[in-house]
$ cat final05.pdb   # PDB, C-alpha atoms
ATOM      1  CA  MET W   1      10.911   1.648 -12.950
ATOM      2  CA  ILE W   2       8.063   0.461 -10.756
ATOM      3  CA  GLY W   3       8.405  -1.936  -7.852
ATOM      4  CA  SER W   4      11.321  -4.325  -7.845
ATOM      5  CA  LEU W   5      11.831  -7.289 -10.103
ATOM      6  CA  THR W   6      12.980  -9.503  -7.241
ATOM      7  CA  ALA W   7      11.081 -10.061  -3.998
ATOM      8  CA  GLY W   8      12.871  -7.884  -1.439
ATOM      9  CA  PRO W   9      12.555  -7.616   2.351
ATOM     10  CA  VAL W  10       9.373  -5.509   1.973
ATOM     11  CA  PHE W  11       7.707  -8.441   0.236
ATOM     12  CA  TYR W  12       8.636 -10.886   3.012
ATOM     13  CA  ILE W  13       7.455  -8.552   5.798
ATOM     14  CA  LEU W  14       4.106  -7.939   4.062
ATOM     15  CA  ALA W  15       3.729 -11.642   3.239
ATOM     16  CA  THR W  16       4.366 -12.712   6.846
ATOM     17  CA  ILE W  17       1.775 -10.263   8.228
ATOM     18  CA  LEU W  18      -0.661 -11.332   5.489
ATOM     19  CA  ILE W  19      -0.345 -15.037   6.377
ATOM     20  CA  VAL W  20      -0.718 -14.357  10.127
ATOM     21  CA  ALA W  21      -3.794 -12.159   9.526
ATOM     22  CA  ALA W  22      -5.324 -14.754   7.178
ATOM     23  CA  LEU W  23      -4.844 -17.449   9.864
ATOM     24  CA  GLY W  24      -6.560 -15.059  12.300
ATOM     25  CA  VAL W  25      -9.538 -14.714   9.929
ATOM     26  CA  VAL W  26     -10.177 -18.459   9.841
ATOM     27  CA  LEU W  27      -9.202 -19.449  13.416
ATOM     28  CA  VAL W  28     -10.414 -16.672  15.746
ATOM     29  CA  ARG W  29     -13.706 -17.294  17.581
ATOM     30  CA  ASN W  30     -14.948 -13.711  17.894
ATOM     31  CA  MET W  31     -16.303 -12.765  14.466
ATOM     32  CA  VAL W  32     -15.666  -9.025  15.018
ATOM     33  CA  HIS W  33     -11.986  -9.853  15.529
ATOM     34  CA  ALA W  34     -12.071 -12.067  12.437
ATOM     35  CA  ALA W  35     -13.428  -9.128  10.406
ATOM     36  CA  LEU W  36     -10.643  -6.872  11.730
ATOM     37  CA  PHE W  37      -8.057  -9.545  10.833
ATOM     38  CA  LEU W  38      -9.634  -9.600   7.372
ATOM     39  CA  ALA W  39      -9.115  -5.830   7.120
ATOM     40  CA  ALA W  40      -5.427  -6.264   8.078
ATOM     41  CA  ALA W  41      -4.983  -9.080   5.547
ATOM     42  CA  LEU W  42      -6.577  -7.042   2.738
ATOM     43  CA  LEU W  43      -4.438  -4.020   3.628
ATOM     44  CA  MET W  44      -1.287  -6.163   3.412
ATOM     45  CA  ALA W  45      -2.436  -7.516   0.043
ATOM     46  CA  GLY W  46      -2.790  -3.882  -1.079
ATOM     47  CA  GLY W  47       0.794  -3.273   0.042
ATOM     48  CA  LEU W  48       1.905  -6.263  -2.020
ATOM     49  CA  TYR W  49       0.166  -4.832  -5.111
ATOM     50  CA  LEU W  50       1.990  -1.548  -4.522
ATOM     51  CA  ASN W  51       5.254  -3.477  -4.142
ATOM     52  CA  ALA W  52       4.588  -5.192  -7.480
ATOM     53  CA  GLY W  53       3.956  -1.846  -9.197
ATOM     54  CA  ALA W  54       0.164  -2.100  -9.433
ATOM     55  CA  ASP W  55      -0.602   1.224  -7.721
ATOM     56  CA  MET W  56      -4.120   1.588  -9.152
ATOM     57  CA  VAL W  57      -5.121  -1.923  -7.999
ATOM     58  CA  ALA W  58      -3.707  -1.122  -4.551
ATOM     59  CA  GLY W  59      -5.899   1.996  -4.424
ATOM     60  CA  PHE W  60      -8.992   0.024  -5.429
ATOM     61  CA  GLN W  61      -8.101  -2.657  -2.879
ATOM     62  CA  VAL W  62      -7.975  -0.155  -0.006
ATOM     63  CA  LEU W  63     -11.064   1.796  -1.144
ATOM     64  CA  ILE W  64     -13.356  -1.101  -2.014
ATOM     65  CA  TYR W  65     -12.169  -3.972   0.186
ATOM     66  CA  VAL W  66     -10.900  -2.313   3.355
ATOM     67  CA  GLY W  67     -13.273   0.655   3.070
ATOM     68  CA  ALA W  68     -16.508  -0.960   1.942
ATOM     69  CA  VAL W  69     -16.528  -4.765   2.130
ATOM     70  CA  VAL W  70     -15.049  -5.030   5.637
ATOM     71  CA  THR W  71     -17.468  -2.336   6.874
ATOM     72  CA  LEU W  72     -20.332  -4.322   5.342
ATOM     73  CA  VAL W  73     -19.102  -7.517   7.029
ATOM     74  CA  LEU W  74     -18.787  -5.731  10.394
ATOM     75  CA  ILE W  75     -22.346  -4.348  10.111
ATOM     76  CA  ALA W  76     -23.640  -7.821   9.213
ATOM     77  CA  VAL W  77     -21.827  -9.307  12.247
ATOM     78  CA  MET W  78     -23.431  -6.695  14.485
ATOM     79  CA  LEU W  79     -26.917  -7.271  13.018
ATOM     80  CA  VAL W  80     -26.727 -11.021  13.610
ATOM     81  CA  ALA W  81     -26.908 -11.867  17.313
ATOM     82  CA  ASN W  82     -24.636 -14.301  19.100
ATOM     83  CA  ILE W  83     -21.845 -14.733  16.544
ATOM     84  CA  ALA W  84     -19.596 -12.076  18.113
ATOM     85  CA  ASN W  85     -19.646 -14.137  21.323
ATOM     86  CA  ALA W  86     -16.226 -15.651  22.040
ATOM     87  CA  HIS W  87     -17.759 -18.470  24.117
ATOM     88  CA  VAL W  88     -19.765 -19.880  21.213
ATOM     89  CA  VAL W  89     -17.850 -22.343  19.049
ATOM     90  CA  GLN W  90     -17.734 -20.967  15.496
ATOM     91  CA  THR W  91     -16.239 -23.948  13.701
ATOM     92  CA  ASN W  92     -17.805 -27.278  12.792
ATOM     93  CA  ARG W  93     -16.430 -30.744  13.529
ATOM     94  CA  ASN W  94     -14.707 -31.074  10.140
ATOM     95  CA  SER W  95     -11.534 -29.281  11.296
ATOM     96  CA  LEU W  96      -9.190 -32.230  10.723
ATOM     97  CA  PRO W  97     -10.440 -33.319   7.252
ATOM     98  CA  ALA W  98     -10.642 -29.652   6.227
ATOM     99  CA  ALA W  99      -7.063 -29.017   7.390
ATOM    100  CA  VAL W 100      -5.842 -32.101   5.509
ATOM    101  CA  LEU W 101      -7.697 -31.094   2.351
ATOM    102  CA  ALA W 102      -6.533 -27.455   2.505
ATOM    103  CA  ALA W 103      -2.921 -28.512   3.173
ATOM    104  CA  ALA W 104      -3.102 -31.014   0.292
ATOM    105  CA  THR W 105      -4.422 -28.292  -2.056
ATOM    106  CA  GLY W 106      -1.689 -25.898  -0.954
ATOM    107  CA  ALA W 107       1.010 -28.564  -1.318
ATOM    108  CA  LEU W 108      -0.258 -29.504  -4.785
ATOM    109  CA  LEU W 109      -0.214 -25.836  -5.872
ATOM    110  CA  CYS W 110       3.309 -25.338  -4.442
ATOM    111  CA  TRP W 111       4.524 -28.494  -6.206
ATOM    112  CA  ILE W 112       3.112 -27.290  -9.536
ATOM    113  CA  ILE W 113       4.638 -23.808  -9.006
ATOM    114  CA  SER W 114       8.072 -25.246  -8.223
ATOM    115  CA  SER W 115       8.064 -27.670 -11.161
ATOM    116  CA  ALA W 116       6.630 -25.382 -13.860
ATOM    117  CA  GLN W 117       8.858 -23.402 -16.200
ATOM    118  CA  TRP W 118       7.868 -19.757 -15.759
ATOM    119  CA  PRO W 119       8.469 -17.233 -18.536
ATOM    120  CA  THR W 120      11.339 -14.844 -17.949
ATOM    121  CA  ALA W 121      10.397 -11.234 -17.270
ATOM    122  CA  ASN W 122       9.951  -8.987 -20.264
ATOM    123  CA  PRO W 123      12.847  -6.450 -20.051
ATOM    124  CA  GLU W 124      10.489  -3.743 -21.369
ATOM    125  CA  LEU W 125       8.385  -4.139 -18.192
ATOM    126  CA  ALA W 126      11.220  -2.775 -16.049
ATOM    127  CA  LYS W 127      11.054   0.546 -17.932
ATOM    128  CA  VAL W 128       7.368   1.247 -17.183
ATOM    129  CA  SER W 129       7.025   4.228 -14.826
ATOM    130  CA  TYR W 130       4.253   4.938 -12.298
ATOM    131  CA  SER W 131       2.570   7.716 -14.290
ATOM    132  CA  ASP W 132       2.897   5.705 -17.475
ATOM    133  CA  SER W 133       1.310   2.642 -15.894
ATOM    134  CA  MET W 134      -1.714   4.688 -14.776
ATOM    135  CA  ARG W 135      -2.191   6.206 -18.238
ATOM    136  CA  MET W 136      -1.816   2.841 -19.953
ATOM    137  CA  LEU W 137      -4.335   1.286 -17.572
ATOM    138  CA  GLY W 138      -6.907   3.940 -18.500
ATOM    139  CA  TYR W 139      -6.275   3.520 -22.227
ATOM    140  CA  ALA W 140      -6.500  -0.279 -22.068
ATOM    141  CA  LEU W 141      -9.650  -0.145 -19.925
ATOM    142  CA  LEU W 142     -11.453   2.090 -22.431
ATOM    143  CA  ASP W 143     -10.090   0.409 -25.555
ATOM    144  CA  LYS W 144      -9.504  -3.306 -25.522
ATOM    145  CA  TYR W 145     -11.314  -4.031 -22.231
ATOM    146  CA  LEU W 146     -14.302  -1.705 -22.776
ATOM    147  CA  LEU W 147     -16.853  -4.538 -22.855
ATOM    148  CA  PRO W 148     -15.831  -6.109 -19.481
ATOM    149  CA  PHE W 149     -15.762  -2.566 -18.040
ATOM    150  CA  GLU W 150     -19.353  -1.861 -19.140
ATOM    151  CA  ILE W 151     -20.569  -5.323 -18.093
ATOM    152  CA  SER W 152     -19.078  -4.825 -14.627
ATOM    153  CA  SER W 153     -20.984  -1.537 -14.305
ATOM    154  CA  LEU W 154     -24.203  -3.391 -15.214
ATOM    155  CA  LEU W 155     -23.310  -6.108 -12.671
ATOM    156  CA  LEU W 156     -22.867  -3.469  -9.960
ATOM    157  CA  LEU W 157     -26.287  -1.979 -10.744
ATOM    158  CA  VAL W 158     -27.959  -5.415 -10.623
ATOM    159  CA  ALA W 159     -26.154  -6.276  -7.363
ATOM    160  CA  LEU W 160     -27.228  -2.925  -5.839
ATOM    161  CA  VAL W 161     -30.907  -3.451  -6.681
ATOM    162  CA  GLY W 162     -30.739  -7.158  -5.798
ATOM    163  CA  ALA W 163     -29.147  -6.544  -2.384
ATOM    164  CA  ILE W 164     -31.835  -3.961  -1.487
ATOM    165  CA  VAL W 165     -34.690  -6.221  -2.631
ATOM    166  CA  ILE W 166     -33.333  -9.332  -0.856
ATOM    167  CA  ALA W 167     -32.657  -7.501   2.410
ATOM    168  CA  GLN W 168     -36.124  -5.890   2.332
ATOM    169  CA  GLN W 169     -37.986  -9.105   1.527
ATOM    170  CA  THR W 170     -39.828  -9.602   4.836
ATOM    171  CA  HIS W 171     -40.736  -5.935   4.971
ATOM    172  CA  LEU W 172     -42.359  -6.261   1.563
ATOM    173  CA  ALA W 173     -44.185  -9.457   2.603
ATOM    174  CA  GLU W 174     -45.537  -7.726   5.732
ATOM    175  CA  LYS W 175     -46.809  -4.812   3.643
ATOM    176  CA  LEU W 176     -48.516  -7.193   1.230
ATOM    177  CA  SER W 177     -50.181  -9.218   4.001
ATOM    178  CA  ARG W 178     -51.338  -6.014   5.709
ATOM    179  CA  ALA W 179     -52.814  -4.793   2.413
ATOM    180  CA  ALA W 180     -54.532  -8.168   1.931
ATOM    181  CA  ALA W 181     -55.979  -7.995   5.481
ATOM    182  CA  ARG W 182     -57.303  -4.512   4.738
ATOM    183  CA  GLU W 183     -58.936  -5.803   1.565
ATOM    184  CA  ASP W 184     -60.586  -8.638   3.543
ATOM    185  CA  GLY W 185     -61.945  -6.235   6.153
ATOM    186  CA  ARG W 186     -63.438  -4.014   3.463
ATOM    187  CA  SER W 187     -65.136  -6.908   1.666
ATOM    188  CA  GLU W 188     -66.681  -8.184   4.961
ATOM    189  CA  ALA W 189     -68.083  -4.759   5.743
TER     190      ALA W 189
ATOM    191  CA  MET L   1      14.792 -14.111 -13.437
ATOM    192  CA  ASN L   2      12.831 -17.354 -13.399
ATOM    193  CA  ALA L   3      12.596 -17.274  -9.606
ATOM    194  CA  ALA L   4      11.358 -13.665  -9.384
ATOM    195  CA  ILE L   5       7.666 -14.473  -9.774
ATOM    196  CA  GLN L   6       7.672 -17.588  -7.600
ATOM    197  CA  PRO L   7       7.480 -15.985  -4.106
ATOM    198  CA  TYR L   8       4.207 -14.316  -5.145
ATOM    199  CA  LEU L   9       2.805 -17.592  -6.443
ATOM    200  CA  TYR L  10       3.797 -19.503  -3.278
ATOM    201  CA  LEU L  11       2.223 -16.796  -1.109
ATOM    202  CA  SER L  12      -0.945 -16.953  -3.195
ATOM    203  CA  ALA L  13      -1.096 -20.766  -2.823
ATOM    204  CA  ILE L  14      -0.710 -20.474   0.979
ATOM    205  CA  ILE L  15      -3.458 -17.813   1.245
ATOM    206  CA  PHE L  16      -5.694 -19.944  -0.985
ATOM    207  CA  ALA L  17      -5.202 -22.976   1.305
ATOM    208  CA  ILE L  18      -5.962 -20.875   4.419
ATOM    209  CA  GLY L  19      -9.107 -19.452   2.808
ATOM    210  CA  LEU L  20     -10.210 -22.955   1.786
ATOM    211  CA  TYR L  21      -9.813 -24.118   5.401
ATOM    212  CA  GLY L  22     -11.949 -21.173   6.537
ATOM    213  CA  VAL L  23     -14.699 -21.969   4.023
ATOM    214  CA  PHE L  24     -14.752 -25.622   5.119
ATOM    215  CA  THR L  25     -14.752 -25.114   8.885
ATOM    216  CA  ARG L  26     -16.713 -21.930   9.647
ATOM    217  CA  LEU L  27     -20.110 -22.620  11.154
ATOM    218  CA  ASN L  28     -21.763 -19.282  10.321
ATOM    219  CA  ALA L  29     -22.398 -17.879   6.858
ATOM    220  CA  ILE L  30     -20.466 -14.635   7.457
ATOM    221  CA  GLY L  31     -17.310 -16.625   8.309
ATOM    222  CA  VAL L  32     -17.717 -18.580   5.074
ATOM    223  CA  LEU L  33     -17.990 -15.294   3.148
ATOM    224  CA  MET L  34     -14.789 -14.041   4.820
ATOM    225  CA  GLY L  35     -13.013 -17.218   3.664
ATOM    226  CA  LEU L  36     -14.272 -16.536   0.147
ATOM    227  CA  GLU L  37     -12.780 -13.029   0.259
ATOM    228  CA  LEU L  38      -9.400 -14.600   1.125
ATOM    229  CA  LEU L  39      -9.702 -16.963  -1.863
ATOM    230  CA  LEU L  40     -10.453 -14.056  -4.215
ATOM    231  CA  ASN L  41      -7.471 -12.132  -2.844
ATOM    232  CA  ALA L  42      -5.155 -15.088  -3.425
ATOM    233  CA  VAL L  43      -6.258 -15.069  -7.072
ATOM    234  CA  ASN L  44      -5.714 -11.293  -7.281
ATOM    235  CA  ILE L  45      -2.144 -11.604  -5.979
ATOM    236  CA  ASN L  46      -1.491 -14.109  -8.775
ATOM    237  CA  LEU L  47      -2.980 -11.840 -11.443
ATOM    238  CA  VAL L  48      -0.975  -8.810 -10.337
ATOM    239  CA  ALA L  49       2.246 -10.871 -10.199
ATOM    240  CA  PHE L  50       1.665 -12.190 -13.719
ATOM    241  CA  SER L  51       0.954  -8.692 -15.030
ATOM    242  CA  ARG L  52       4.285  -7.573 -13.530
ATOM    243  CA  TRP L  53       6.481 -10.443 -14.700
ATOM    244  CA  SER L  54       5.066 -12.050 -17.826
ATOM    245  CA  ASP L  55       2.919  -9.509 -19.666
ATOM    246  CA  THR L  56       3.467  -9.204 -23.397
ATOM    247  CA  GLY L  57       1.500  -5.992 -23.905
ATOM    248  CA  VAL L  58      -1.897  -5.064 -25.341
ATOM    249  CA  LEU L  59      -2.267  -3.324 -28.689
ATOM    250  CA  LEU L  60      -4.433  -0.219 -28.373
ATOM    251  CA  GLY L  61      -6.519   0.153 -31.529
ATOM    252  CA  ARG L  62      -8.050   3.604 -31.061
ATOM    253  CA  PHE L  63      -5.285   5.306 -29.100
ATOM    254  CA  GLY L  64      -2.412   3.676 -30.935
ATOM    255  CA  GLY L  65       0.685   2.164 -29.386
ATOM    256  CA  GLN L  66       0.901  -0.574 -26.819
ATOM    257  CA  ALA L  67      -0.126  -0.830 -23.150
ATOM    258  CA  LEU L  68       2.428  -2.892 -21.254
ATOM    259  CA  GLY L  69       1.879  -4.665 -17.938
ATOM    260  CA  VAL L  70      -1.785  -3.740 -17.444
ATOM    261  CA  SER L  71      -3.819  -6.803 -18.543
ATOM    262  CA  GLY L  72      -3.446  -8.596 -15.214
ATOM    263  CA  GLN L  73      -4.214  -5.380 -13.330
ATOM    264  CA  ILE L  74      -7.480  -4.969 -15.256
ATOM    265  CA  PHE L  75      -8.355  -8.599 -14.458
ATOM    266  CA  ALA L  76      -7.671  -7.868 -10.783
ATOM    267  CA  ILE L  77      -9.810  -4.689 -10.816
ATOM    268  CA  ILE L  78     -12.735  -6.582 -12.356
ATOM    269  CA  VAL L  79     -12.317  -9.404  -9.811
ATOM    270  CA  ILE L  80     -12.471  -6.761  -7.028
ATOM    271  CA  THR L  81     -15.666  -5.335  -8.594
ATOM    272  CA  VAL L  82     -17.301  -8.765  -8.767
ATOM    273  CA  ALA L  83     -16.180  -9.534  -5.200
ATOM    274  CA  ALA L  84     -17.800  -6.304  -3.953
ATOM    275  CA  ALA L  85     -21.068  -7.216  -5.705
ATOM    276  CA  GLU L  86     -20.834 -10.756  -4.280
ATOM    277  CA  ALA L  87     -20.278  -9.435  -0.748
ATOM    278  CA  ALA L  88     -23.269  -7.051  -0.991
ATOM    279  CA  VAL L  89     -25.683  -9.705  -2.271
ATOM    280  CA  GLY L  90     -24.256 -12.439  -0.009
ATOM    281  CA  LEU L  91     -24.601 -10.359   3.153
ATOM    282  CA  ALA L  92     -28.136  -9.303   2.111
ATOM    283  CA  ILE L  93     -29.014 -13.009   1.824
ATOM    284  CA  VAL L  94     -27.438 -13.631   5.260
ATOM    285  CA  ILE L  95     -29.551 -10.838   6.809
ATOM    286  CA  SER L  96     -32.662 -12.227   5.111
ATOM    287  CA  ILE L  97     -31.903 -15.756   6.377
ATOM    288  CA  TYR L  98     -31.366 -14.400   9.891
ATOM    289  CA  ARG L  99     -34.752 -12.637   9.813
ATOM    290  CA  ASN L 100     -36.530 -15.843   8.827
ATOM    291  CA  PHE L 101     -34.638 -18.514  10.810
ATOM    292  CA  LYS L 102     -33.079 -16.512  13.712
ATOM    293  CA  HIS L 103     -29.707 -18.192  13.035
ATOM    294  CA  ILE L 104     -27.148 -18.357  10.191
ATOM    295  CA  THR L 105     -25.575 -21.743  10.911
ATOM    296  CA  VAL L 106     -24.943 -23.119   7.439
ATOM    297  CA  ASP L 107     -25.140 -26.786   8.562
ATOM    298  CA  ASP L 108     -28.735 -26.317   9.741
ATOM    299  CA  LEU L 109     -29.943 -24.505   6.632
ATOM    300  CA  ASP L 110     -31.158 -27.575   4.738
ATOM    301  CA  LEU L 111     -34.426 -26.226   3.354
ATOM    302  CA  LEU L 112     -33.503 -27.220  -0.211
ATOM    303  CA  ARG L 113     -32.508 -30.757   0.794
ATOM    304  CA  TRP L 114     -35.034 -33.446  -0.170
TER     305      TRP L 114
END
$ encode --input "final05.pdb" --output "C-alpha cells"
Amino acid sequence: MIGSLTAGPVFYILATILIVAALGVVLVRNMVHAALFLAAALLMAGGLYLNAGADMVAGFQVLIYVGAVVTLVLIAVMLVANIANAHVVQTNRNSLPAAVLAAATGALLCWIISSAQWPTANPELAKVSYSDSMRMLGYALLDKYLLPFEISSLLLLVALVGAIVIAQQTHLAEKLSRAAAREDGRSEA
Amino acid sequence: MNAAIQPYLYLSAIIFAIGLYGVFTRLNAIGVLMGLELLLNAVNINLVAFSRWSDTGVLLGRFGGQALGVSGQIFAIIVITVAAAEAAVGLAIVISIYRNFKHITVDDLDLLRW
C-alpha cells in the first residue's frame, strides 16, 4: 500500500509550510528570497506527491523544479540588476483588486470542491505497492502515452534551441553589424 | 471515503489563488514567472490527487494487463516537462528584454501596444 488514503498529520504539516512559502514567493520584496521561498514551496509539493504515493513524480519535482528551474530563476535574478534590492518596491498598485480577484477565484474553487460529488476511491488502488507503481508508470509511458512522451522530448529540444537563440540575440546582431561594417570598408577601398 | 481527496483539492485551490495574486501584482517579469510556477504546481497537486483517489486504470496493449493509478502521474510529469521548457524560454526572453531595455518592469514594456 502506498501513501495513506486519508490526509494524515504529515499532509497538514506539509500543506501549512507550502502555503506559508507560497505567500513568501508573492509577498517578499527581495527577489532572491522569493526564489528561495519558491524552492521551499516546490520541495513541500514534492513531499505531498510522496505522501500521495507518487514517488516518481516527487523525484522529478525535486530534480527538475528544485534542482534546475529554481537555479535558473536565481541566475536570472542575479543577471538583472536592481531587482534583488529590498528597498525597491516590487509590486504594482493593483494589490487590492488583485487580492479581491484571487480570493474570489479561490473561494469559487473551494465552493465547487465542497459541493461536487467526488467519486469514491477505487479499492484496488490501495493494493498498489511502490515497486509496482514504478513499473506500471514505465509501461504506461511507453505504451498508451508514447505519443505525448515523444512530443515532450521534441518540445524540450525546441525549447533548448529557442532559449539559446533568444538569449544570444544581441550577440548575433552585433556580429552581423560588424560583418556589414567590414563589407562597407572593403567596398570603399 | 468521499472526503479523502478534498484536502488536496482545497490546498490546490489556495495555492492557485496565491499564485494568481503573484502574477497580478509582481512588477518584474521574473516575479510573474515565479507566480506561474505556483499555478502549475497547484494543477500538479490536483492531478496527483486524482491519480491516487479516482483512477480507473489504463489497459496496456503491448505489455498486457492494466496499469492502475498512473494516468494522473503521467499528466503531472508532462506538465513538469512543459513547465521546465517554459521557464527556460521565459527567462531567456527576460534576459533579452533586459539587454535591450535595461529594465524588466512588465508595466513599461508596451512596445506592442498601438
$ resolve_selection --input "final05.pdb" --expression "the ChimeraX specification (/L :<7) & /W" --output "number ranges by chain"
W: 5-7, 15, 19, 22-23, 26, 49, 52, 54, 57, 69, 76, 80, 90-92, 94-95, 98-99, 102-103, 105-106, 109-110, 113, 118-122, 125, 136-137, 140, 143-144, 152, 156, 159, 162-163, 166-167
$ axis_aligned_box --input "final05.pdb" --around "segment 61-71 of chain L" --padding-each-side "6 Å" --output "lines of an AutoDock Vina configuration file"
center_x = -2.8
center_y = -0.7
center_z = -24.5
size_x = 22.5
size_y = 24.1
size_z = 26.1
$ atom_distance --input "final05.pdb" --atom1 "atom CA of Ser153 of chain W" --atom2 "atom CA of Leu141 of chain W"
12.7 Å
$ atom_distance --input "final05.pdb" --atom1 "atom CA of Val62 of chain W" --atom2 "atom CA of Met44 of chain W"
9.6 Å
$ closest_residue --input "final05.pdb" --among "W:Leu63, W:Leu42, W:Ala104, W:Leu79" --to "Leu39 of chain L" --atoms "all atoms listed in the file"
W:Leu42
$ build_atoms --input "final05.pdb" --residues "segment 24-41 of chain L" --atoms "N, CA and C atoms" --output "PDB file, keeping the file's coordinate frame"
ATOM      1  N   PHE L  24     -14.310 -24.285   4.707  1.00  0.00           N
ATOM      2  CA  PHE L  24     -14.752 -25.622   5.119  1.00  0.00           C
ATOM      3  C   PHE L  24     -15.186 -25.667   6.574  1.00  0.00           C
ATOM      4  N   THR L  25     -14.525 -24.894   7.459  1.00  0.00           N
ATOM      5  CA  THR L  25     -14.752 -25.114   8.885  1.00  0.00           C
ATOM      6  C   THR L  25     -15.671 -24.095   9.546  1.00  0.00           C
ATOM      7  N   ARG L  26     -15.886 -22.921   8.963  1.00  0.00           N
ATOM      8  CA  ARG L  26     -16.713 -21.930   9.647  1.00  0.00           C
ATOM      9  C   ARG L  26     -18.158 -22.411   9.744  1.00  0.00           C
ATOM     10  N   LEU L  27     -18.750 -22.160  10.907  1.00  0.00           N
ATOM     11  CA  LEU L  27     -20.110 -22.620  11.154  1.00  0.00           C
ATOM     12  C   LEU L  27     -21.137 -21.595  10.688  1.00  0.00           C
ATOM     13  N   ASN L  28     -20.783 -20.302  10.718  1.00  0.00           N
ATOM     14  CA  ASN L  28     -21.763 -19.282  10.321  1.00  0.00           C
ATOM     15  C   ASN L  28     -21.450 -18.753   8.923  1.00  0.00           C
ATOM     16  N   ALA L  29     -22.510 -18.265   8.270  1.00  0.00           N
ATOM     17  CA  ALA L  29     -22.398 -17.879   6.858  1.00  0.00           C
ATOM     18  C   ALA L  29     -21.441 -16.713   6.656  1.00  0.00           C
ATOM     19  N   ILE L  30     -21.351 -15.788   7.627  1.00  0.00           N
ATOM     20  CA  ILE L  30     -20.466 -14.635   7.457  1.00  0.00           C
ATOM     21  C   ILE L  30     -19.004 -15.077   7.452  1.00  0.00           C
ATOM     22  N   GLY L  31     -18.666 -16.079   8.304  1.00  0.00           N
ATOM     23  CA  GLY L  31     -17.310 -16.625   8.309  1.00  0.00           C
ATOM     24  C   GLY L  31     -16.962 -17.266   6.975  1.00  0.00           C
ATOM     25  N   VAL L  32     -17.942 -17.968   6.383  1.00  0.00           N
ATOM     26  CA  VAL L  32     -17.717 -18.580   5.074  1.00  0.00           C
ATOM     27  C   VAL L  32     -17.448 -17.497   4.027  1.00  0.00           C
ATOM     28  N   LEU L  33     -18.208 -16.395   4.102  1.00  0.00           N
ATOM     29  CA  LEU L  33     -17.990 -15.294   3.148  1.00  0.00           C
ATOM     30  C   LEU L  33     -16.603 -14.677   3.321  1.00  0.00           C
ATOM     31  N   MET L  34     -16.130 -14.585   4.589  1.00  0.00           N
ATOM     32  CA  MET L  34     -14.789 -14.041   4.820  1.00  0.00           C
ATOM     33  C   MET L  34     -13.731 -14.950   4.198  1.00  0.00           C
ATOM     34  N   GLY L  35     -13.927 -16.276   4.307  1.00  0.00           N
ATOM     35  CA  GLY L  35     -13.013 -17.218   3.664  1.00  0.00           C
ATOM     36  C   GLY L  35     -12.988 -17.025   2.159  1.00  0.00           C
ATOM     37  N   LEU L  36     -14.185 -16.767   1.592  1.00  0.00           N
ATOM     38  CA  LEU L  36     -14.272 -16.536   0.147  1.00  0.00           C
ATOM     39  C   LEU L  36     -13.484 -15.296  -0.260  1.00  0.00           C
ATOM     40  N   GLU L  37     -13.545 -14.242   0.582  1.00  0.00           N
ATOM     41  CA  GLU L  37     -12.780 -13.029   0.259  1.00  0.00           C
ATOM     42  C   GLU L  37     -11.285 -13.345   0.212  1.00  0.00           C
ATOM     43  N   LEU L  38     -10.822 -14.211   1.142  1.00  0.00           N
ATOM     44  CA  LEU L  38      -9.400 -14.600   1.125  1.00  0.00           C
ATOM     45  C   LEU L  38      -9.058 -15.338  -0.171  1.00  0.00           C
ATOM     46  N   LEU L  39      -9.959 -16.236  -0.621  1.00  0.00           N
ATOM     47  CA  LEU L  39      -9.702 -16.963  -1.863  1.00  0.00           C
ATOM     48  C   LEU L  39      -9.571 -15.991  -3.035  1.00  0.00           C
ATOM     49  N   LEU L  40     -10.491 -15.019  -3.106  1.00  0.00           N
ATOM     50  CA  LEU L  40     -10.453 -14.056  -4.215  1.00  0.00           C
ATOM     51  C   LEU L  40      -9.170 -13.231  -4.174  1.00  0.00           C
ATOM     52  N   ASN L  41      -8.705 -12.905  -2.944  1.00  0.00           N
ATOM     53  CA  ASN L  41      -7.471 -12.132  -2.844  1.00  0.00           C
ATOM     54  C   ASN L  41      -6.254 -12.925  -3.271  1.00  0.00           C
TER      55      ASN L  41
END
